[in-house]
Amino acid sequence: MSLPLVPLALALALPALAQDSAALQVDSYRLDPGGHGLLSTGHAGVLPHGRAFATAWLAQTTRPLLAFAEDAPDERRALVDGRQSLAVAWSMGMLDRVELGLSIPVVVHQSALLPDDLASDATPLGPADATLHLRGLLLDPSRRALGLVVEAPLTLPTGNQSAWMGMAGPAVEPRLLATRRQGGVEATMGVGVLLQPRFELYNLVDDDKLTWRAAADLLLPLRGGPLAGASVGAELLGAIPLRPDERQPYHSTAEVVGGARLPLGPLDLTAALGAGLLDGVGSPDWRGLVAVSAGRPRRLPGAALTDTLALGEALLAEETPLAAALPVEEPLVEEPLVEEPLVEVIELQPPDRDGDGVADPDDACPEQAGRDAQGCPVDGPRLTRDQIVVTDHIHFATGRAELLPESHGLLLRVVSLLEEHPDLQVRVEGHADATGRDELNQRLSEQRAAAVRAFLVHAARDEGAMAARLTALGFGESRPIDTNATEQGRAANRRVEFRLRPPAPAPASAELAAAPAQ
């Protein structure tokens, strides 16, 4: 339909051009196809090898293409007044260094005019230009203070070039992105060069540009529950023409966009709202979108918060054993008045509860008779003051939380030990090495700890009682016990531990009880 904002005088001022002169993609905004950032700016990183990410979004763009009457260059007139588009994107990681993706948008409706002498209505429905995304990792932000990626989105001329939906040829935008991560905040800055076909129409000129962007995402401090992993963020992006044309009253573009992401089971829901700050080609008055995505690794908020809570639990867990381990003070014996003692003074010996000959203060396993120098059994799981120590690693399928049968026997011995000591409260802890993204390591450590807890519960004679005694918690790569620079060190860091917790408090102090199993 005709736009009331475009008077007939503007239509008559436009030269008589064919409809294919509308070969311009007026909305090139795309969400990051790999899900690294909340919006279009993807933070430094690539998907792990073989991992895929998919997203779909519905967007509303208002007045992204403006023309200026020759007799009133300061008066904005819309050639594209409003557009609704639907897009899908897919990306996959390769070799933990490269990521390849594709985004395909479709205009489902628009209110626009064609640049012919009658200013007729443009086609309201049609395909837009697809984009092939290629990204390479230079510096991994999970291992260094600064992360770097280089990417080169390649826009293909697949859109309807007669309705402002596609360019006359391909375009490429090589750019460099740098990310700094601090706690739950990720900040990214990027610069690039957009090389595209030159477009000229009346006083509209669109050509090669210098592009820039800055973004910051904050992971909300929601520990546990269905919203764990929610985040908010904002980005500022724009472009500056490399060859400004005096016919174009407004050359540069700038836009600010903010949004939030909420986890919905295996999916994520993203909503965003933005506004244009300058009137260059493609910078809208307003932008809004909603997106659904799948495949993003979960990242838990506030590593510092998790560590603080775990430290508090550890201090509580040590309170009783430390009190029990204090050396026994010898009673004061007054010297007799006579030169010869009337009674024989017997020296008190420290207790040895398990009777293995190693006194409790020196016994690493005071509840189990042992044969080594620390008073612990040589084979099988053994009970120390603060944990159950296992003799071998617990093995899982590579990159998954599936327990391998070779570890079932070891875990069954752990069950036997727990049933021998029904008063023990245990936290199953999962740990990972520093290979790959910390979000993936965090999630994998949680899943593996939960898998071990589930095995112990189902293997117990009284599943209900065992479930009440066990909790599960994942620490990702935050607590290494060896270097991550060697394969042997990384293997040591990939582990599951069984830490003792203090007994459950009385009901009056229920708020101090340990958190339920994850």
# chains A, B, ... in the order shown; residues from 1 in each chain; ligands from 1

call {"tool": "residues_around", "arguments": {"residues": "A:Ala397", "least_positions_apart": "4", "cutoff": "12 Å", "atoms": "only C-alpha atoms", "output": "PyMOL selection string"}}
result
chain A and resi 401-407+444+448+451

call {"tool": "write_last_selection", "arguments": {"atoms": "C-alpha atoms", "output": "PDB file, in the first residue's frame"}}
result
ATOM      1  CA  ALA A 401      28.080 -37.897  31.391  1.00  0.00           C
ATOM      2  CA  GLU A 402      27.585 -41.596  30.547  1.00  0.00           C
ATOM      3  CA  LEU A 403      29.271 -43.866  33.108  1.00  0.00           C
ATOM      4  CA  LEU A 404      31.388 -46.629  31.569  1.00  0.00           C
ATOM      5  CA  PRO A 405      30.928 -50.210  32.871  1.00  0.00           C
ATOM      6  CA  GLU A 406      34.571 -50.402  33.944  1.00  0.00           C
ATOM      7  CA  SER A 407      33.795 -48.026  36.827  1.00  0.00           C
ATOM      8  CA  LEU A 444      29.634 -31.439  31.992  1.00  0.00           C
ATOM      9  CA  ARG A 448      28.817 -36.244  35.688  1.00  0.00           C
ATOM     10  CA  ALA A 451      25.245 -39.361  37.130  1.00  0.00           C
TER      11      ALA A 451
END

call {"tool": "residues_around", "arguments": {"residues": "A:Val108", "least_positions_apart": "2", "cutoff": "7 Å", "atoms": "only C-alpha atoms", "output": "MDAnalysis selection string"}}
result
chainID A and resid 84:86 106 125:126

call {"tool": "closest_residue", "arguments": {"among": "A:Phe498, A:Glu477, A:Leu440, A:Ala460", "to": "A:Arg385", "atoms": "only C-alpha atoms"}}
result
A:Phe498

call {"tool": "residues_around", "arguments": {"residues": "A:Val426", "least_positions_apart": "5", "cutoff": "7 Å", "atoms": "only C-alpha atoms", "output": "list in words"}}
result
Arg469, Leu470, Thr471, Phe498, Arg499, Leu500 and Arg501 of chain A

call {"tool": "write_last_selection", "arguments": {"atoms": "N, CA and C atoms", "output": "short mmCIF file (atom, residue, chain, number, x, y, z; two decimals), in the first residue's frame"}}
result
data_model
loop_
_atom_site.label_atom_id
_atom_site.label_comp_id
_atom_site.auth_asym_id
_atom_site.auth_seq_id
_atom_site.Cartn_x
_atom_site.Cartn_y
_atom_site.Cartn_z
N ARG A 469 21.23 -38.73 51.80
CA ARG A 469 22.60 -38.50 52.30
C ARG A 469 23.53 -37.91 51.25
N LEU A 470 23.13 -37.92 49.99
CA LEU A 470 24.03 -37.52 48.90
C LEU A 470 23.53 -36.26 48.21
N THR A 471 24.45 -35.37 47.91
CA THR A 471 24.19 -34.23 47.03
C THR A 471 25.22 -34.26 45.90
N PHE A 498 34.44 -37.44 46.45
CA PHE A 498 33.37 -37.67 47.42
C PHE A 498 33.76 -36.97 48.71
N ARG A 499 33.23 -35.79 48.93
CA ARG A 499 33.56 -34.97 50.10
C ARG A 499 32.52 -35.18 51.20
N LEU A 500 33.01 -35.33 52.45
CA LEU A 500 32.11 -35.49 53.57
C LEU A 500 31.50 -34.16 53.95
N ARG A 501 30.22 -34.21 54.29
CA ARG A 501 29.51 -33.02 54.76
C ARG A 501 29.12 -33.22 56.21
#

call {"tool": "residues_around", "arguments": {"residues": "stretch 56-63 of chain A", "least_positions_apart": "2", "cutoff": "6 Å", "atoms": "only C-alpha atoms", "output": "list in words"}}
result
Leu65, Ala78, Val80, Asp81, Gly82, Arg83, Gln84, Ser85, Leu86, Ala87, Val88, Pro284, Asp285, Trp286, Arg287, Gly288, Leu289, Val290, Ala291 and Val292 of chain A

call {"tool": "closest_residue", "arguments": {"among": "A:Thr391, A:Thr123, A:Ser445, A:Thr384", "to": "A:Arg479", "atoms": "only C-alpha atoms"}}
result
A:Ser445

call {"tool": "atom_distance", "arguments": {"atom1": "atom CA of A:Val46", "atom2": "atom CA of A:Pro221"}}
result
24.6 Å

call {"tool": "residues_around", "arguments": {"residues": "A:Val191", "least_positions_apart": "2", "cutoff": "12 Å", "atoms": "only C-alpha atoms", "output": "count of residues only"}}
result
26

call {"tool": "atom_distance", "arguments": {"atom1": "atom CA of A:Arg51", "atom2": "atom CA of A:Met94"}}
result
8.0 Å

call {"tool": "atom_distance", "arguments": {"atom1": "atom CA of A:Gly184", "atom2": "atom CA of A:Ala89"}}
result
26.2 Å

call {"tool": "residues_around", "arguments": {"residues": "stretch 436-438 of chain A", "least_positions_apart": "4", "cutoff": "7 Å", "atoms": "only C-alpha atoms", "output": "PyMOL selection string"}}
result
chain A and resi 48+142+442+476-477

call {"tool": "write_last_selection", "arguments": {"atoms": "C-alpha atoms", "output": "PDB file, in the first residue's frame"}}
result
ATOM      1  CA  PRO A  48      33.593 -27.361  20.387  1.00  0.00           C
ATOM      2  CA  SER A 142      38.860 -19.342  28.856  1.00  0.00           C
ATOM      3  CA  GLN A 442      30.844 -26.428  34.014  1.00  0.00           C
ATOM      4  CA  GLY A 476      33.943 -27.138  36.090  1.00  0.00           C
ATOM      5  CA  GLU A 477      37.596 -26.218  35.619  1.00  0.00           C
TER       6      GLU A 477
END

call {"tool": "select_by_dssp", "arguments": {"residues": "stretch 83-293 of chain A", "states": "strand (DSSP E)", "output": "PyMOL selection string"}}
result
chain A and resi 83-94+98-112+126-127+130-139+146-151+154-156+171-172+175-182+185-194+199-201+204-206+209-219+231-241+253-264+267-276+286-293

call {"tool": "closest_residue", "arguments": {"among": "A:Leu24, A:Leu383, A:Leu418, A:Val390", "to": "A:Met165", "atoms": "only C-alpha atoms"}}
result
A:Leu24
